[in-house]
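*Asks:* Just so it is clear, I am handing over protein.txt, which has compact mmCIF, C-alpha atoms and all ligand atoms.
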```
# COMPACT_ATOMS: atom_id res chain seq x y z
CA MET G 1 -12.86 -9.61 -2.38
CA THR G 2 -13.12 -8.94 -6.10
CA ASP G 3 -12.30 -6.23 -8.59
CA THR G 4 -16.08 -5.77 -9.05
CA PHE G 5 -16.48 -4.97 -5.36
CA TRP G 6 -13.69 -2.38 -5.39
CA ASN G 7 -14.76 -0.89 -8.73
CA GLU G 8 -18.20 -0.29 -7.23
CA VAL G 9 -16.71 1.30 -4.11
CA TYR G 10 -14.61 3.72 -6.19
CA GLY G 11 -17.45 4.33 -8.62
CA GLU G 12 -20.01 5.12 -5.91
CA LYS G 13 -17.96 7.02 -3.32
CA SER G 14 -16.08 10.26 -3.82
CA GLU G 15 -12.70 10.68 -2.16
CA SER G 16 -14.25 12.45 0.84
CA GLU G 17 -16.64 9.50 1.34
CA ARG G 18 -13.86 6.88 1.56
CA SER G 19 -12.77 6.03 5.10
CA TRP G 20 -9.09 5.66 4.11
CA SER G 21 -8.66 9.06 2.45
CA ASP G 22 -5.78 10.80 4.16
CA GLU G 23 -3.78 13.86 3.33
CA ALA G 24 -1.61 13.84 6.48
CA LEU G 25 0.86 10.99 6.31
CA ASP G 26 3.71 12.83 8.00
CA GLU G 27 5.32 9.79 9.64
CA VAL G 28 5.42 8.02 6.30
CA TRP G 29 7.13 10.92 4.56
CA ILE G 30 9.73 11.04 7.33
CA MET G 31 10.39 7.31 6.82
CA VAL G 32 10.62 7.71 3.03
CA ASP G 33 12.92 10.74 3.25
CA GLU G 34 15.22 8.91 5.67
CA LEU G 35 15.73 6.10 3.14
CA GLY G 36 17.64 8.55 0.96
CA LEU G 37 16.62 6.79 -2.27
CA ALA G 38 17.89 8.26 -5.53
CA HIS G 39 15.10 9.90 -7.48
CA ASP G 40 15.37 7.40 -10.34
CA GLU G 41 14.97 4.31 -8.13
CA PRO G 42 11.77 2.38 -8.91
CA ILE G 43 8.93 2.57 -6.38
CA ILE G 44 5.63 0.69 -6.40
CA ASP G 45 2.43 1.45 -4.47
CA VAL G 46 0.47 -1.79 -4.03
CA GLY G 47 -3.26 -1.25 -3.67
CA ALA G 48 -2.54 2.33 -4.70
CA GLY G 49 -6.19 3.32 -5.01
CA SER G 50 -6.38 6.87 -6.29
CA ALA G 51 -2.59 7.13 -5.80
CA ARG G 52 -2.17 10.19 -3.58
CA PHE G 53 1.03 8.67 -2.16
CA LEU G 54 2.52 8.46 -5.65
CA GLU G 55 1.48 12.03 -6.31
CA GLY G 56 3.52 13.02 -3.23
CA LEU G 57 6.53 11.12 -4.59
CA LEU G 58 6.18 12.87 -7.96
CA ALA G 59 6.21 16.20 -6.14
CA ARG G 60 9.44 15.09 -4.39
CA GLY G 61 11.07 14.44 -7.77
CA PHE G 62 10.85 10.64 -8.08
CA THR G 63 10.74 9.55 -11.71
CA ASP G 64 9.99 5.80 -11.84
CA LEU G 65 6.67 5.09 -10.14
CA THR G 66 4.21 2.20 -10.48
CA ALA G 67 0.63 1.99 -9.21
CA LEU G 68 -0.85 -1.51 -8.83
CA ASP G 69 -4.47 -2.08 -7.87
CA LEU G 70 -7.22 -4.62 -8.34
CA SER G 71 -9.56 -1.83 -9.37
CA ASP G 72 -9.24 -0.26 -12.82
CA VAL G 73 -11.79 2.38 -11.70
CA ALA G 74 -9.44 3.49 -8.89
CA LEU G 75 -6.46 3.67 -11.22
CA ALA G 76 -8.48 5.48 -13.91
CA GLU G 77 -9.30 8.18 -11.33
CA ALA G 78 -5.60 8.56 -10.56
CA ARG G 79 -4.63 8.53 -14.24
CA LYS G 80 -6.95 11.44 -14.93
CA ARG G 81 -5.06 13.55 -12.41
CA LEU G 82 -1.61 12.31 -13.39
CA ALA G 83 -2.18 11.90 -17.14
CA SER G 84 0.60 14.25 -18.12
CA SER G 85 3.23 12.40 -16.06
CA THR G 86 5.67 10.19 -17.97
CA SER G 87 6.96 8.80 -14.66
CA MET G 88 3.96 6.55 -14.01
CA SER G 89 3.24 2.91 -14.90
CA TRP G 90 -0.14 1.33 -14.17
CA ILE G 91 -0.89 -2.32 -13.37
CA VAL G 92 -4.44 -3.62 -12.85
CA ARG G 93 -3.94 -6.89 -10.98
CA ASP G 94 -4.63 -8.82 -7.80
CA VAL G 95 -1.26 -8.50 -6.04
CA THR G 96 -1.36 -12.12 -4.82
CA LEU G 97 -1.56 -13.35 -8.45
CA TRP G 98 0.88 -10.84 -9.92
CA GLU G 99 4.08 -12.00 -11.65
CA PRO G 100 6.55 -9.10 -11.25
CA THR G 101 8.83 -8.55 -14.24
CA ARG G 102 11.27 -6.16 -12.56
CA GLN G 103 12.44 -5.24 -9.07
CA TYR G 104 11.68 -2.18 -6.98
CA ALA G 105 13.69 -0.26 -4.39
CA LEU G 106 10.55 0.47 -2.34
CA TRP G 107 7.20 -1.30 -2.08
CA ARG G 108 4.51 0.74 -0.32
CA ASP G 109 1.20 -0.71 0.86
CA ARG G 110 -1.27 1.22 2.95
CA ALA G 111 -4.39 -0.73 3.90
CA THR G 112 -4.28 -3.49 1.27
CA PHE G 113 -2.45 -6.40 2.95
CA HIS G 114 -4.89 -6.34 5.87
CA PHE G 115 -7.71 -7.47 3.54
CA LEU G 116 -5.90 -10.81 3.16
CA THR G 117 -7.39 -12.77 6.02
CA ASN G 118 -6.19 -16.30 5.29
CA GLU G 119 -2.65 -17.52 5.64
CA SER G 120 -2.31 -18.86 2.12
CA SER G 121 -3.08 -15.48 0.51
CA GLN G 122 -0.82 -13.73 3.05
CA ARG G 123 1.99 -16.11 2.07
CA GLN G 124 1.32 -15.48 -1.63
CA TYR G 125 1.59 -11.72 -0.95
CA ARG G 126 4.87 -12.18 0.91
CA ASN G 127 6.28 -14.32 -1.92
CA VAL G 128 5.34 -11.71 -4.54
CA ALA G 129 6.88 -8.95 -2.38
CA ARG G 130 10.09 -10.96 -1.96
CA ARG G 131 10.39 -11.37 -5.74
CA ALA G 132 9.46 -7.77 -6.54
CA ILE G 133 11.73 -5.99 -4.02
CA ARG G 134 15.45 -5.88 -4.77
CA SER G 135 18.01 -7.15 -2.24
CA ASN G 136 18.22 -4.60 0.57
CA GLY G 137 15.20 -2.79 -0.87
CA PHE G 138 12.34 -1.70 1.39
CA LEU G 139 8.78 -2.70 2.25
CA LEU G 140 6.75 0.09 3.88
CA LEU G 141 3.57 -1.51 5.14
CA SER G 142 0.57 -0.02 6.99
CA THR G 143 -2.33 -2.07 8.37
CA PHE G 144 -4.94 -1.62 11.05
CA ALA G 145 -3.37 -2.14 14.49
CA LEU G 146 -4.59 -4.77 16.97
CA ASP G 147 -6.99 -2.19 18.45
CA GLY G 148 -8.04 -0.91 15.02
CA PRO G 149 -11.34 -1.66 13.23
CA THR G 150 -12.26 -5.26 12.42
CA THR G 151 -13.74 -4.32 9.03
CA CYS G 152 -13.12 -1.79 6.27
CA SER G 153 -15.67 -0.99 3.57
CA GLY G 154 -17.76 -3.82 5.02
CA LEU G 155 -14.98 -6.38 4.46
CA GLU G 156 -13.36 -8.30 7.26
CA VAL G 157 -9.70 -7.39 7.83
CA GLN G 158 -6.84 -8.94 9.76
CA ARG G 159 -5.33 -6.58 12.32
CA TRP G 160 -1.60 -6.85 12.99
CA GLY G 161 0.71 -6.04 15.90
CA THR G 162 4.45 -5.56 15.58
CA ASP G 163 5.41 -8.95 17.03
CA GLU G 164 2.98 -10.75 14.73
CA ILE G 165 4.01 -9.01 11.52
CA ALA G 166 7.73 -9.26 12.34
CA ALA G 167 7.35 -13.02 12.90
CA PHE G 168 5.35 -13.43 9.68
CA MET G 169 7.82 -11.46 7.52
CA HIS G 170 10.96 -12.68 9.27
CA GLU G 171 12.10 -15.24 6.68
CA ASP G 172 12.47 -12.63 3.94
CA PHE G 173 12.41 -9.22 5.65
CA SER G 174 14.11 -7.58 8.65
CA LEU G 175 12.09 -5.07 10.64
CA LEU G 176 13.82 -1.68 10.80
CA SER G 177 11.20 0.52 12.48
CA SER G 178 7.55 0.83 13.39
CA GLU G 179 5.15 3.72 13.95
CA ARG G 180 1.63 3.85 15.31
CA ARG G 181 -0.85 6.48 14.23
CA VAL G 182 -4.53 7.08 14.74
CA HIS G 183 -6.06 7.91 11.38
CA VAL G 184 -9.13 10.17 11.44
CA THR G 185 -11.59 9.40 8.65
CA PRO G 186 -13.12 12.29 6.65
CA TRP G 187 -16.18 12.07 8.97
CA GLY G 188 -14.17 12.05 12.22
CA SER G 189 -13.96 8.35 13.23
CA GLU G 190 -10.67 7.14 14.64
CA GLN G 191 -8.78 4.11 13.28
CA ALA G 192 -5.50 2.87 14.79
CA PHE G 193 -2.88 2.02 12.16
CA ASN G 194 0.61 0.56 12.43
CA THR G 195 3.29 1.31 9.84
CA TRP G 196 6.41 -0.82 9.54
CA LEU G 197 9.57 -0.40 7.53
CA PHE G 198 11.19 -3.69 6.53
CA GLU G 199 14.37 -4.36 4.59
CA ARG G 200 14.42 -7.28 2.17
CA ARG G 201 17.13 -9.72 3.21
CA ALA G 202 19.90 -10.19 0.64
C1 LIG G 301 -8.52 0.82 1.71
S1 LIG G 301 -8.00 1.07 0.08
C2 LIG G 301 -6.43 1.90 0.29
C3 LIG G 301 -5.99 2.65 -0.94
C4 LIG G 301 -4.64 3.37 -0.82
N1 LIG G 301 -3.58 2.47 -0.49
C5 LIG G 301 -4.72 4.50 0.19
O1 LIG G 301 -4.09 4.41 1.25
O2 LIG G 301 -5.42 5.47 -0.09
C6 LIG G 301 -7.51 -0.58 -0.37
C7 LIG G 301 -7.06 -0.69 -1.82
O3 LIG G 301 -6.54 -1.98 -2.06
C8 LIG G 301 -7.01 -2.45 -3.31
N2 LIG G 301 -6.96 -3.92 -3.23
C9 LIG G 301 -7.67 -4.72 -2.39
N3 LIG G 301 -7.28 -5.99 -2.54
C10 LIG G 301 -6.31 -6.01 -3.48
C11 LIG G 301 -5.52 -7.04 -4.05
N4 LIG G 301 -5.66 -8.32 -3.69
N5 LIG G 301 -4.61 -6.70 -5.00
C12 LIG G 301 -4.46 -5.40 -5.38
N6 LIG G 301 -5.18 -4.38 -4.85
C13 LIG G 301 -6.09 -4.68 -3.91
C14 LIG G 301 -8.41 -1.87 -3.43
O4 LIG G 301 -8.86 -1.81 -4.77
C15 LIG G 301 -8.19 -0.48 -2.81
O5 LIG G 301 -7.78 0.46 -3.78
```
Could you quickly redo this structure as structure tokens?
*Replies:*
Amino acid sequence: MTDTFWNEVYGEKSESERSWSDEALDEVWIMVDELGLAHDEPIIDVGAGSARFLEGLLARGFTDLTALDLSDVALAEARKRLASSTSMSWIVRDVTLWEPTRQYALWRDRATFHFLTNESSQRQYRNVARRAIRSNGFLLLSTFALDGPTTCSGLEVQRWGTDEIAAFMHEDFSLLSSERRVHVTPWGSEQAFNTWLFERRA
């Protein structure tokens, strides 16, 4: 998977033509609200795409937000909408190769980790997340569930169940809660997702 691939996807498809577009992330907002984070705590969306999640955080009053994505086309689309916001930082980078320079209270990833299908890149991701999330900070991760699709945008994905992800993350993160939801794409197909909230071990 390359930045060229994702730049083409974002360049060629409008938001309503992207399978992952989703306005209704109610269970995620409940999880975020329950964390009770102060509005000035730093939050990063990894694989942010066109950054609708961050837009929701801005509307809730959060003031220190970072969008990271492989695709500068995706982030440019988001920047156009959020240009007037001084709360946003933008990082164009492959998350597995990223060297974080600060720590975040919350790391959000919806539908990015599941594109990492080999164990070495999954381990790289986990190592970056461990370094980038402060002690007792949170990782809010959504991937396709075990009965979800096997591909997304024509790319193979790895599907995860709760036991599998908890075992994989266990060294650095404790599982606090999990939610399952069937996402309906803009054209009506169903995709089973799992969302997990982890706390970074001190
Ligand atoms: C299916 S989209 C999800 C976008 C967004 N999270 C959402 O829920 O709308 C996957 C996103 O992950 C980004 N991505 C894929 N692999 C990545 C990587 N290794 N590092 C950073 N971003 C990546 C893609 O550019 C794309 O924006």
*Asks:* Got a sec: who's within 12 Å of Ile43 in chain G, counting all atoms listed in the file, leaving out chain neighbours fewer than 4 positions off, as a PDB file with C-alpha atoms, in the frame of the given file?
*Replies:*
```
ATOM      1  CA  VAL G  32      10.620   7.710   3.030  1.00  0.00           C
ATOM      2  CA  LEU G  37      16.620   6.790  -2.270  1.00  0.00           C
ATOM      3  CA  ALA G  38      17.890   8.260  -5.530  1.00  0.00           C
ATOM      4  CA  HIS G  39      15.100   9.900  -7.480  1.00  0.00           C
ATOM      5  CA  ALA G  48      -2.540   2.330  -4.700  1.00  0.00           C
ATOM      6  CA  PHE G  53       1.030   8.670  -2.160  1.00  0.00           C
ATOM      7  CA  LEU G  54       2.520   8.460  -5.650  1.00  0.00           C
ATOM      8  CA  LEU G  57       6.530  11.120  -4.590  1.00  0.00           C
ATOM      9  CA  LEU G  58       6.180  12.870  -7.960  1.00  0.00           C
ATOM     10  CA  PHE G  62      10.850  10.640  -8.080  1.00  0.00           C
ATOM     11  CA  THR G  63      10.740   9.550 -11.710  1.00  0.00           C
ATOM     12  CA  ASP G  64       9.990   5.800 -11.840  1.00  0.00           C
ATOM     13  CA  LEU G  65       6.670   5.090 -10.140  1.00  0.00           C
ATOM     14  CA  THR G  66       4.210   2.200 -10.480  1.00  0.00           C
ATOM     15  CA  ALA G  67       0.630   1.990  -9.210  1.00  0.00           C
ATOM     16  CA  LEU G  68      -0.850  -1.510  -8.830  1.00  0.00           C
ATOM     17  CA  SER G  87       6.960   8.800 -14.660  1.00  0.00           C
ATOM     18  CA  MET G  88       3.960   6.550 -14.010  1.00  0.00           C
ATOM     19  CA  SER G  89       3.240   2.910 -14.900  1.00  0.00           C
ATOM     20  CA  ARG G 102      11.270  -6.160 -12.560  1.00  0.00           C
ATOM     21  CA  GLN G 103      12.440  -5.240  -9.070  1.00  0.00           C
ATOM     22  CA  TYR G 104      11.680  -2.180  -6.980  1.00  0.00           C
ATOM     23  CA  ALA G 105      13.690  -0.260  -4.390  1.00  0.00           C
ATOM     24  CA  LEU G 106      10.550   0.470  -2.340  1.00  0.00           C
ATOM     25  CA  TRP G 107       7.200  -1.300  -2.080  1.00  0.00           C
ATOM     26  CA  ARG G 108       4.510   0.740  -0.320  1.00  0.00           C
ATOM     27  CA  ASP G 109       1.200  -0.710   0.860  1.00  0.00           C
ATOM     28  CA  ALA G 132       9.460  -7.770  -6.540  1.00  0.00           C
ATOM     29  CA  ILE G 133      11.730  -5.990  -4.020  1.00  0.00           C
ATOM     30  CA  ARG G 134      15.450  -5.880  -4.770  1.00  0.00           C
ATOM     31  CA  GLY G 137      15.200  -2.790  -0.870  1.00  0.00           C
ATOM     32  CA  PHE G 138      12.340  -1.700   1.390  1.00  0.00           C
ATOM     33  CA  LEU G 139       8.780  -2.700   2.250  1.00  0.00           C
ATOM     34  CA  LEU G 140       6.750   0.090   3.880  1.00  0.00           C
TER      35      LEU G 140
END
```
*Asks:* Using CA of Phe198 in chain G and CA of Leu75 in chain G as the two end points, give the distance in Å to one decimal.
*Replies:*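 Result for CA of Phe198 in chain G versus CA of Leu75 in chain G: 26.1 Å, one decimal.
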*Asks:* Sorted by chain and rising residue number, list the residues of chain G at most 6 Å from ligand LIG 301 (chain G) (counting all atoms listed in the file), each with its closest atom pair and distance in Å to one decimal, as a tab-separated table.
*Replies:*
```
residue	atom	partner	partner_atom	distance
G:Trp6	CA	G:LIG301	O4	4.9
G:Trp20	CA	G:LIG301	C1	5.4
G:Ser21	CA	G:LIG301	O2	5.5
G:Gly47	CA	G:LIG301	O3	3.7
G:Ala48	CA	G:LIG301	N1	4.3
G:Gly49	CA	G:LIG301	O5	3.5
G:Asp69	CA	G:LIG301	N6	3.9
G:Leu70	CA	G:LIG301	N6	4.0
G:Ser71	CA	G:LIG301	O4	4.7
G:Arg93	CA	G:LIG301	C12	5.8
G:Asp94	CA	G:LIG301	N5	3.5
G:Val95	CA	G:LIG301	N5	3.9
G:Thr96	CA	G:LIG301	N4	5.8
G:Asp109	CA	G:LIG301	N1	5.9
G:Arg110	CA	G:LIG301	N1	4.3
G:Ala111	CA	G:LIG301	C2	4.9
G:Thr112	CA	G:LIG301	O3	4.3
```
*Asks:* For CA of Val128 in chain G and CA of Asp172 in chain G, quote the distance in Å rounded to one decimal.
*Replies:* 11.1 Å
*Asks:* Which residue is closest to Pro100 in chain G? Choose from G:Asn127, G:Ser178, G:Thr2, G:Ser153 and count only C-alpha atoms.
*Replies:*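 Looking at the shortest contact to Pro100 in chain G, the residue is G:Asn127.
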*Asks:* Here is a test: counting all atoms listed in the file, which residue of G:Glu190, G:Glu171, G:Glu8, G:Asp147 is nearest to Arg159 in chain G?
*Replies:*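 Looking at the shortest contact to Arg159 in chain G, the residue is G:Asp147.
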*Asks:* Which residue out of G:Val9, G:Ala51, G:Leu25, G:Ala129 has the minimum interatomic distance to Val182 in chain G when only C-alpha atoms are used?
*Replies:* G:Leu25
*Asks:* Pick the closest to Thr185 in chain G from G:Asp72, G:Asp22, G:Glu12, G:Asp3: which is it, counting all atoms listed in the file?
*Replies:*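 Nearest candidate to Thr185 in chain G out of G:Asp72, G:Asp22, G:Glu12, G:Asp3: G:Asp22.
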*Asks:* Between CA of Asn118 in chain G and CA of Leu141 in chain G, what is the spacing in Å?
*Replies:*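 These two atoms are separated by 17.7 Å.
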*Asks:* Which residue gives the smallest distance to Gly11 in chain G among G:Thr86, G:Ala74, G:Asp40, G:Arg131, with all atoms listed in the file counted?
*Replies:*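 Counting all atoms listed in the file, the residue closest to Gly11 in chain G is G:Ala74.
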*Asks:* When you get a chance, write out N, CA and C atoms for range 157-177 of chain G, as a CSV table (one decimal), in the frame of the given file.
*Replies:*
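Final output, out.csv:
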```csv
chain,number,residue,atom,x,y,z
G,157,VAL,N,-11.1,-7.6,8.0
G,157,VAL,CA,-9.7,-7.4,7.8
G,157,VAL,C,-9.0,-8.2,8.9
G,158,GLN,N,-7.7,-8.4,8.7
G,158,GLN,CA,-6.8,-8.9,9.8
G,158,GLN,C,-6.0,-7.8,10.3
G,159,ARG,N,-6.1,-7.6,11.6
G,159,ARG,CA,-5.3,-6.6,12.3
G,159,ARG,C,-4.0,-7.2,12.7
G,160,TRP,N,-3.0,-6.3,12.7
G,160,TRP,CA,-1.6,-6.8,13.0
G,160,TRP,C,-0.9,-6.0,14.1
G,161,GLY,N,-0.2,-6.7,15.0
G,161,GLY,CA,0.7,-6.0,15.9
G,161,GLY,C,2.1,-6.2,15.4
G,162,THR,N,3.1,-5.5,16.0
G,162,THR,CA,4.4,-5.6,15.6
G,162,THR,C,5.1,-6.9,15.7
G,163,ASP,N,4.8,-7.6,16.8
G,163,ASP,CA,5.4,-9.0,17.0
G,163,ASP,C,4.9,-9.9,16.0
G,164,GLU,N,3.6,-9.8,15.7
G,164,GLU,CA,3.0,-10.8,14.7
G,164,GLU,C,3.5,-10.5,13.3
G,165,ILE,N,3.6,-9.3,12.9
G,165,ILE,CA,4.0,-9.0,11.5
G,165,ILE,C,5.5,-9.3,11.4
G,166,ALA,N,6.3,-9.0,12.4
G,166,ALA,CA,7.7,-9.3,12.3
G,166,ALA,C,8.0,-10.8,12.2
G,167,ALA,N,7.2,-11.6,13.0
G,167,ALA,CA,7.4,-13.0,12.9
G,167,ALA,C,6.9,-13.5,11.5
G,168,PHE,N,5.8,-13.0,11.0
G,168,PHE,CA,5.4,-13.4,9.7
G,168,PHE,C,6.3,-13.1,8.6
G,169,MET,N,6.9,-11.9,8.6
G,169,MET,CA,7.8,-11.5,7.5
G,169,MET,C,9.3,-11.9,7.7
G,170,HIS,N,9.6,-12.5,8.9
G,170,HIS,CA,11.0,-12.7,9.3
G,170,HIS,C,11.8,-13.4,8.3
G,171,GLU,N,11.3,-14.4,7.6
G,171,GLU,CA,12.1,-15.2,6.7
G,171,GLU,C,12.7,-14.4,5.6
G,172,ASP,N,12.0,-13.4,5.1
G,172,ASP,CA,12.5,-12.6,3.9
G,172,ASP,C,12.8,-11.2,4.3
G,173,PHE,N,12.3,-10.7,5.4
G,173,PHE,CA,12.4,-9.2,5.6
G,173,PHE,C,12.8,-9.0,7.1
G,174,SER,N,13.7,-8.0,7.3
G,174,SER,CA,14.1,-7.6,8.6
G,174,SER,C,13.4,-6.3,9.0
G,175,LEU,N,12.8,-6.3,10.2
G,175,LEU,CA,12.1,-5.1,10.6
G,175,LEU,C,13.1,-4.0,11.1
G,176,LEU,N,12.9,-2.8,10.5
G,176,LEU,CA,13.8,-1.7,10.8
G,176,LEU,C,13.2,-0.7,11.8
G,177,SER,N,11.9,-0.4,11.6
G,177,SER,CA,11.2,0.5,12.5
G,177,SER,C,9.7,0.4,12.4
```
